[in-house]
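Participant: Shown below is the structure under consideration.
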Amino acid sequence: MPHSLSTPDVTTPGGLLLVLAVLVPFVGVLAGMVLGGRGARRVALATLAAGLAIAIAIADTLVRSGAAVVYLLGGWTPPLGVALRADGLAVIMLLAVAVVIGGIGVYARADFGTPPGVREARAPFVFWTLLLAVWGSLNLVFVSGDLFTLYVALELLTFAGVPLVSLGGQPETLRSALRYLLYALFGSVLYLLGAVLLYGAYGTLDIGLLAARVHPEPVTWAAAALMTVGLLAKTALFPLHLWLPPAHAGAPAAASAVLSGLVIKGSWFLAVRLWLDVFVGVVTLPSAQTLAALGAAAILVGNIVALRQARLKLLIAYSTVAQIGYLFLMFPLAAGLAAAQLDDAAAVNGGLLQAISHATAKAAMFMAAGLVYTTLGHDRIADLRGVARALPMTLVAFALGGASLIGLPPSGGFLAKWLLVSAAITTAQWWWALVMLVGGLLTSAYVFIVVVRALAPAPEGWTPKASVPCYQQVAVLALALCSFLLGLAVLCPVDVAGIGRAVVPGIGSP
Amino acid sequence: MNTPTLFGLCAVALVGVGLYGLIVNPQPLRKILAFNLIGSGVFLLFGAIARRGAAVGMGGDPVPQALLITGIVVAFSATALAVALVLRLFDEAGSVTLAPDAPAEPPDA
Amino acid sequence: MTLALAVDISLTLLVLAVAGWIIAVRDTFAAMIGFVAYGLLLALVWVRLAAPDVALTEAAIGGGLTGALLIGAAARLRGTEAAARAEYPGALTRTLAAVLAVTVAAALAIGVLALPDPTPTLAPAAAANLATTGVGNPVTAVLLAFRAMDTLLEAIVVLLALLGVWSLAPDRAWGGCPGPRRLVDPDGVLAWLARLLPPIGIVVGLYIFWIGADLPGGKFQGATILAAMWLLVIWAGLADTPPISRTWLRVLLVAGPLVFIVIGFAGSITAGAVLAYPEGHAKPLIVAIEIALMPTLVLTLALLVAGAPQRIPPQ
């Protein structure tokens with residue numbers, strides 16, 4: 001039987017690393033629960049280092065073997081068993097998340113310490129355990145090869161993300177968390193409904209087997225539509241974005257960085273996985289155009305609303321709404337390239353780079369806003385005077401992150417948009433290029449306003465409300481630099497993202 | 001019309017009823033209830049599919065049946081978290097309205 | 001056959017009527033009571049669908065625990081009912097919602113009627129591999145062998161939900177006891193039930209847990225019954241919820257998943273793959289995992305219903 005995924009269903013050397021990537025963070029959660037208080041933080045920081053090493057080892061295995069890394073859990077072959085698979089897309093996401101979580105962990109050391117004289121405090125305990133939980137869930141989303149395991153992964157991600165929104169405990173954040181939870185549950189139940197229909201029609205939940213079995217018929221279209229809408233609600237693509245800005249802006253800075261930089265990428269990645277690997281012969285170009293049209297609307301609406309915000313954290317949150325839009329421009333571009341029998345790498349790599357550069361840049365910007373808040377005691381954009389003097393490194397980081405969102409060279413955002421624009425021109429869909437241009441201009445306007453306000457000299461005799469540790473500033477700058485220099489990935493000799501991916505499944509495969 | 005098909009149709013009707021309730025009912029607790037109705041509809045559909053897969057002396061395909069148990073437990077966990085959020089919101093704010101400043105549209109697809 | 005079909009049709013109509021009533025009724029408390037009845041009706045449907053394992057789970061968790069949770073919450077939120085009615089949407093929104101709901105249901109119905117015949121099924125594959133797992137109940141074999149990863153992750157899901165519930169404690173109550181302190185009413189019906197039922201419930205719960213390897217039943221269903229018994233004793237005021245800072249509690253909460261993971265990784269050495277079992281030892285290892293998961297599940301399920309910590313117990 002022809003397989004559309006080039007991965008054979010046997011455990012490959014190094015496959016065990018995939019199990020570790022998923023379970024090590026969860027073991028950290030369990031250990032943190034028992035040790036509690038300061039122990040939870042210690043465990044989390046140790047796990048961050050171990051997890052980064054695992055991600056690097058997986059990347060090394062992938063590049064050396066030149067094929068996807070596979071692990072058959074329990075030795076059972078799908079469809080009866082469950083497989084973990086990591087192709088180039090998954091491995092790049094694994095690595096990016098490990099780096100961003102590491103940066104956030106270093107930053108959060110200062111904000112989430114257990115106060116002296118207390119054995120365990122609520123916010124630090126919850127933050128450190130759930131930080132690891134978010135990580136394990138994301139890794140599971142990236143490497144799982146089974147639609148139901150992915151459903152469990154989505155729920156894990158929701159349960160880990162919602163308490164981070166309401167960590168502050170104020171009524172507004174509780175309300176945002178509740179709205180987020182309702183959207184997320186609605187999204188997962190639609191996703192599950194789609195998965196159920198696919199099982200009923202094709203008798204498997206395995207992504208690789210489904211890719212070979214699905215064909216265009218009403219039940220497949222219904223499943224694809226349900227799963228896509230569900231994932232869009234979880235990713236907060238316009239017009240299902242209303243829950244996001246208050247939820248992301250109301251959380252503590254480190255939690256906002258996790259939510260905005262990482263959590264929404266989980267459901268987006270799953271949508272990419274489904275459209276590129278499962279439904280590739282089923283979805284039509286017009287449906288991909290619809291996704292991108294919603295993306296374009298998100299870019300315009302998100303950026304314009306961001307421009308009108310008075311508070312820095314809300315501005316950054318609305319900017320996320322816009323940046324999510326870019327993530328969906330890749331769909332018609334990839335479909336267009338595939339339809340023209342061309343390599344869809346430009347569109348796919350563009351989307352992937354956009355996801356990573358946004359993850360790093362947005363985490364850095366939210367954490368920069370957190371430092372600004374600590375220093376000034378507020379985050380009103382009109383009154384950012386003195387930031388440049390008190391936090392020079394952080395302002396540079398904010399500007400670098402902003403540059404990546406705008407798409408200035410050599411940032412990751414630049415390369416991402418360059419790839420997407422070139423794919424748009426190759427496939428004669430120039431209007432998406434126009435949207436990206438307008439989006440870039442709007443983004444530069446609000447980044448510019450913030451930086452100019454922050455450069456204004458502080459009034460006489462002004463002193464910071466509180467001083468922030470140097471390592472927090474370094475962590476923010478490091479993530480921003482990652483985003484800013486990501487464009488150099490173009491120098492990478494191998495197309496890592498393409499490893500282990502399907503060429504294009506043969507038309508007419510059963 | 002046989003039993004699995006009948007309950008499969010019952011399942012999709014439950015999804016519809018739940019969807020309606022999720023959209024029109026402004027109370028968070030009723031939205032949680034509606035979400036549970038949709039969930040049970042999805043589970044029931046899976047159960048009908050499992051029954052259709054009866055073979056080799058088994059009354060149904062055991063794989064969906066096992067996944068259903070997982071699904072029911074997950075849905076319960078989600079309900080518990082949502083209820084705890086509603087109750088804490090009530091303690092802090094004295095009301096449970098979802099509408100702060102922006103119009104609190106329910107997630108209508 | 002026709003009699004069976006008549007039963008099924010009446011059951012379907014009853015389920016749909018109760019579901020519609022739950023959505024339409026004005027009083028939230030009444031809707032929650034309706035939901036418990038709905039859960040029990042669904043359990044009957046599961047029996048008719050030849051899924052006794054699911055029927056037990058639905059009755060215990062879907063109807064029982066979820067019902068208790070929702071009824072408790074509705075009782076506390078009675079005062080917000082009037083304010084919520086003012087927010088009820090107008091006729092236009094309701095019509096659009098109805099149109100959307102009917103469209104989605106109709107589209108899905110077409111999908112259901114178009115499902116292939118013969119249906120693809122994994123029953124033969126499960127049957128062929130059942131012997132290697134040593135257990136007699138194919139559902140248990142799926143949960144703990146073929147798709148053990150899902151079950152492990154599910155145990156973690158429940159734990160994360162509990163962490164989420166705990167995170168909603170006020171800062172001052174962190175480490176304290178979940179839920180309000182119940183006062184014992186020695187002559188009350190609740191106290192009477194709480195003395196009468198637990199011995200029976202514990203036996204039934206343990207029995208359902210124990211037979212799960214070979215017959216319908218298992219850890220989730222058994223754990224739910226035990227959790228319900230514990231909650232009954234708590235609600236009657238005969239016992240209090242434990243402070244969440246207790247080390248024994250934390251250890252028991254993580255013991256289940258941790259043992260699962262340890263046995264899982266041991267499989268990579270002894271049986272060639274994580275979550276595989278060495279030949280001939282599958283059944284004892286599966287039973288060991290289930291026994292380790294049992295206290296974890298009982299505590300987690302009960303504490304999920306008990307809610308966020310609210311008070312520091314007097315020293």
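Naming scheme: A, B, ... for chains in displayed order of the structure tokens; residues 1 onward per chain; ligands 1 onward as shown.
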Residues of chain B that have any atom at most 6 Å from an atom of chain A: could you tabulate them with the shortest-distance atom pair and the distance in Å to one decimal, using only C-alpha atoms, ordered by chain and increasing number, as CSV?
Facilitator:
```
residue,atom,partner,partner_atom,distance
B:Val42,CA,A:Leu193,CA,5.6
B:Phe46,CA,A:Val196,CA,5.8
B:Ile49,CA,A:Gly200,CA,5.6
B:Leu89,CA,A:Leu174,CA,5.9
B:Glu92,CA,A:Pro171,CA,5.8
B:Ala93,CA,A:Pro171,CA,5.7
B:Pro107,CA,A:Tyr183,CA,5.8
```
Participant: Up to 8 Å from chain A, what residues of chain C turn up? Count only C-alpha atoms and give them as a count of residues only.
Facilitator: 45
Participant: Could you pull the residues within 10 Å of Leu138 (chain A), counting only C-alpha atoms, minus those fewer than 4 positions along the same chain, as a count of residues only?
Facilitator: 23
Participant: Need to verify the contact set: Val96 (chain B), 10 Å, only C-alpha atoms, exclusion of same-chain residues closer than 5 positions in sequence. Can you return it as a compact mmCIF listing (two decimals) with N, CA and C atoms, in the first residue's frame?
Facilitator:
```txt
# COMPACT_ATOMS: atom_id res chain seq x y z
N PRO A 171 -10.81 39.77 39.24
CA PRO A 171 -12.03 39.39 38.51
C PRO A 171 -11.86 39.42 37.00
N LEU A 174 -10.00 36.40 35.84
CA LEU A 174 -10.82 35.18 35.97
C LEU A 174 -11.82 35.09 34.82
N ARG A 175 -12.38 36.27 34.50
CA ARG A 175 -13.36 36.29 33.41
C ARG A 175 -12.68 35.94 32.09
N LEU A 178 -12.06 32.26 31.95
CA LEU A 178 -13.28 31.48 31.70
C LEU A 178 -13.68 31.53 30.23
N PRO B 26 -26.68 32.89 28.15
CA PRO B 26 -25.60 33.75 28.58
C PRO B 26 -24.90 33.28 29.86
N GLN B 27 -25.54 32.41 30.64
CA GLN B 27 -24.92 32.03 31.91
C GLN B 27 -23.79 31.04 31.70
N PRO B 28 -22.63 31.28 32.30
CA PRO B 28 -21.50 30.36 32.12
C PRO B 28 -21.85 28.94 32.51
N LEU B 29 -22.61 28.77 33.59
CA LEU B 29 -22.93 27.42 34.04
C LEU B 29 -23.76 26.68 32.99
N LEU B 85 -13.72 27.84 38.11
CA LEU B 85 -13.49 29.21 37.63
C LEU B 85 -14.73 30.07 37.85
N VAL B 86 -15.89 29.53 37.51
CA VAL B 86 -17.13 30.29 37.68
C VAL B 86 -17.34 30.64 39.15
N LEU B 87 -17.11 29.67 40.02
CA LEU B 87 -17.35 29.92 41.46
C LEU B 87 -16.38 30.96 42.00
N ARG B 88 -15.12 30.89 41.57
CA ARG B 88 -14.15 31.88 42.05
C ARG B 88 -14.51 33.26 41.50
N LEU B 89 -14.94 33.32 40.25
CA LEU B 89 -15.35 34.60 39.67
C LEU B 89 -16.50 35.18 40.48
N PHE B 90 -17.44 34.31 40.87
CA PHE B 90 -18.58 34.76 41.66
C PHE B 90 -18.10 35.30 43.01
N ASP B 91 -17.16 34.60 43.64
CA ASP B 91 -16.64 35.06 44.94
C ASP B 91 -15.98 36.42 44.81
N LEU C 77 -25.03 29.57 42.92
CA LEU C 77 -25.17 30.72 42.01
C LEU C 77 -26.63 31.12 41.80
N THR C 80 -27.62 34.70 40.98
CA THR C 80 -27.23 35.39 39.74
C THR C 80 -28.22 35.15 38.62
N GLU C 81 -29.24 34.33 38.88
CA GLU C 81 -30.18 33.95 37.82
C GLU C 81 -30.87 35.15 37.18
N ALA C 83 -30.09 38.33 37.05
CA ALA C 83 -29.22 39.19 36.25
C ALA C 83 -28.94 38.54 34.89
N ALA C 84 -28.79 37.22 34.91
CA ALA C 84 -28.45 36.54 33.66
C ALA C 84 -29.61 36.60 32.67
```
Participant: Please report the interatomic distance between CA of Phe209 (chain C) and CA of Gly222 (chain C) in Å with one decimal.
Facilitator: 4.6 Å
Participant: Determine, counting only C-alpha atoms, which protein, DNA and RNA residues have an atom within 9 Å of an atom of Ala66 (chain B); residues of the same chain fewer than 4 positions away are not included. Present the result as a ChimeraX atom specification.
Facilitator: /B:62,70-71 /C:53-54,138-143,147
Participant: Please produce an output containing C-alpha atoms for each residue in the selection, written as a PDB file, in the first residue's frame.
Facilitator:
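Resulting contents of selection.pdb:
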```pdb
ATOM      1  CA  PRO B  62     -13.020  -1.991  21.621  1.00  0.00           C
ATOM      2  CA  THR B  70     -10.794   8.495  28.347  1.00  0.00           C
ATOM      3  CA  GLY B  71     -13.003  11.115  26.694  1.00  0.00           C
TER       4      GLY B  71
ATOM      5  CA  ASP C  53     -17.658  -0.348  30.197  1.00  0.00           C
ATOM      6  CA  VAL C  54     -18.776   2.982  28.828  1.00  0.00           C
ATOM      7  CA  PRO C 138     -10.492  -6.008  25.242  1.00  0.00           C
ATOM      8  CA  VAL C 139     -11.270  -2.470  26.444  1.00  0.00           C
ATOM      9  CA  THR C 140      -8.740  -2.874  29.261  1.00  0.00           C
ATOM     10  CA  ALA C 141      -6.242  -4.247  26.741  1.00  0.00           C
ATOM     11  CA  VAL C 142      -6.680  -1.110  24.621  1.00  0.00           C
ATOM     12  CA  LEU C 143      -6.396   1.166  27.637  1.00  0.00           C
ATOM     13  CA  ARG C 147      -2.939   2.579  23.621  1.00  0.00           C
TER      14      ARG C 147
END
```
Participant: What gap, in Å, lies between CA of Gly325 (chain A) and CA of Leu419 (chain A)?
Facilitator: 15.7 Å
Participant: Just want the 10 Å neighbourhood of Ala475 (chain A), counted on only C-alpha atoms, with same-chain residues fewer than 2 positions away dropped. Output as a PyMOL selection string.
Facilitator: chain A and resi 100+102-108+364+367-368+394+397+470-473+477-481
Participant: Please return, as a compact mmCIF listing (two decimals) with N, CA and C atoms, in the first residue's frame, all residues of region 390-436 of chain A that DSSP assigns to helix (DSSP H, G or I) on the basis of the backbone.
Facilitator:
```txt
# COMPACT_ATOMS: atom_id res chain seq x y z
N ALA A 390 16.51 53.69 32.32
CA ALA A 390 16.51 52.63 33.34
C ALA A 390 16.75 51.25 32.74
N PRO A 392 18.04 50.19 29.30
CA PRO A 392 18.50 50.32 27.91
C PRO A 392 18.49 48.98 27.16
N MET A 393 18.95 47.95 27.86
CA MET A 393 19.04 46.64 27.20
C MET A 393 17.65 46.15 26.80
N THR A 394 16.69 46.37 27.69
CA THR A 394 15.33 45.90 27.43
C THR A 394 14.69 46.66 26.27
N LEU A 395 14.98 47.97 26.19
CA LEU A 395 14.41 48.73 25.09
C LEU A 395 14.98 48.24 23.76
N VAL A 396 16.28 47.95 23.76
CA VAL A 396 16.89 47.39 22.54
C VAL A 396 16.20 46.07 22.18
N ALA A 397 15.96 45.25 23.20
CA ALA A 397 15.31 43.96 22.95
C ALA A 397 13.92 44.18 22.36
N PHE A 398 13.17 45.14 22.93
CA PHE A 398 11.83 45.40 22.42
C PHE A 398 11.91 45.83 20.95
N ALA A 399 12.87 46.71 20.66
CA ALA A 399 13.00 47.20 19.29
C ALA A 399 13.38 46.07 18.33
N LEU A 400 14.28 45.18 18.79
CA LEU A 400 14.68 44.06 17.93
C LEU A 400 13.51 43.12 17.68
N GLY A 401 12.75 42.84 18.76
CA GLY A 401 11.56 42.00 18.59
C GLY A 401 10.59 42.66 17.63
N GLY A 402 10.40 43.97 17.81
CA GLY A 402 9.51 44.71 16.92
C GLY A 402 9.99 44.64 15.48
N ALA A 403 11.30 44.74 15.31
CA ALA A 403 11.85 44.69 13.95
C ALA A 403 11.52 43.36 13.30
N SER A 404 11.53 42.29 14.11
CA SER A 404 11.21 40.99 13.56
C SER A 404 9.73 40.89 13.19
N LEU A 405 8.87 41.50 14.03
CA LEU A 405 7.45 41.50 13.69
C LEU A 405 7.19 42.28 12.41
N ILE A 406 7.90 43.42 12.27
CA ILE A 406 7.72 44.24 11.06
C ILE A 406 8.24 43.48 9.85
N GLY A 412 14.11 36.98 11.58
CA GLY A 412 13.34 35.82 11.18
C GLY A 412 12.06 36.24 10.48
N GLY A 413 11.46 37.32 10.99
CA GLY A 413 10.23 37.82 10.38
C GLY A 413 10.47 38.24 8.93
N PHE A 414 11.65 38.81 8.68
CA PHE A 414 11.98 39.22 7.31
C PHE A 414 12.03 38.01 6.39
N LEU A 415 12.78 37.01 6.82
CA LEU A 415 12.93 35.82 5.96
C LEU A 415 11.57 35.14 5.75
N ALA A 416 10.78 35.07 6.85
CA ALA A 416 9.47 34.43 6.74
C ALA A 416 8.63 35.15 5.70
N LYS A 417 8.56 36.48 5.82
CA LYS A 417 7.72 37.24 4.90
C LYS A 417 8.30 37.20 3.49
N TRP A 418 9.61 37.17 3.39
CA TRP A 418 10.25 37.08 2.08
C TRP A 418 9.83 35.79 1.37
N LEU A 419 9.90 34.68 2.12
CA LEU A 419 9.51 33.39 1.54
C LEU A 419 8.04 33.39 1.16
N LEU A 420 7.20 33.94 2.04
CA LEU A 420 5.76 33.95 1.76
C LEU A 420 5.46 34.84 0.55
N VAL A 421 6.12 36.01 0.50
CA VAL A 421 5.87 36.92 -0.63
C VAL A 421 6.32 36.27 -1.93
N SER A 422 7.49 35.59 -1.89
CA SER A 422 7.96 34.99 -3.13
C SER A 422 7.01 33.85 -3.56
N ALA A 423 6.49 33.12 -2.56
CA ALA A 423 5.52 32.07 -2.92
C ALA A 423 4.25 32.70 -3.48
N ALA A 424 3.86 33.85 -2.92
CA ALA A 424 2.66 34.52 -3.42
C ALA A 424 2.85 34.94 -4.86
N ILE A 425 4.05 35.41 -5.19
CA ILE A 425 4.28 35.88 -6.55
C ILE A 425 4.38 34.70 -7.51
N THR A 426 5.08 33.62 -7.07
CA THR A 426 5.19 32.43 -7.92
C THR A 426 3.82 31.88 -8.28
N TRP A 430 -0.73 37.71 -5.79
CA TRP A 430 -0.02 38.91 -5.33
C TRP A 430 -0.75 39.64 -4.22
N TRP A 431 -2.09 39.45 -4.11
CA TRP A 431 -2.83 40.21 -3.09
C TRP A 431 -2.37 39.89 -1.67
N TRP A 432 -1.91 38.64 -1.45
CA TRP A 432 -1.40 38.31 -0.10
C TRP A 432 -0.13 39.10 0.18
N ALA A 433 0.69 39.32 -0.83
CA ALA A 433 1.90 40.12 -0.65
C ALA A 433 1.53 41.54 -0.24
N LEU A 434 0.46 42.05 -0.84
CA LEU A 434 0.00 43.41 -0.52
C LEU A 434 -0.42 43.50 0.95
N VAL A 435 -1.17 42.47 1.39
CA VAL A 435 -1.61 42.45 2.80
C VAL A 435 -0.40 42.47 3.73
N MET A 436 0.61 41.68 3.38
CA MET A 436 1.81 41.61 4.23
C MET A 436 2.50 42.97 4.28
```
Participant: If we count only C-alpha atoms and set the cut-off at 9 Å, which residues sit around Ile449 (chain A), ignoring sequence neighbours fewer than 5 positions away in its own chain? Please answer as a ChimeraX atom specification.
Facilitator: /A:307,381,444,454
Participant: Please measure the separation of CA of Tyr326 (chain A) and CA of Arg85 (chain A), giving the value in Å to one decimal.
Facilitator: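 Separation of CA of Tyr326 (chain A) and CA of Arg85 (chain A): 26.4 Å.
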Participant: Under the rule that only C-alpha atoms are counted, which of C:Pro309, C:Gly63, C:Pro124, C:Pro243 is the nearest residue to chain B?
Facilitator: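 Nearest to chain B: C:Pro124.
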Participant: Which residue gives the smallest distance to chain C among B:Gly57, B:Lys31, B:Ser77, B:Ala11, with only C-alpha atoms counted?
Facilitator: B:Ser77
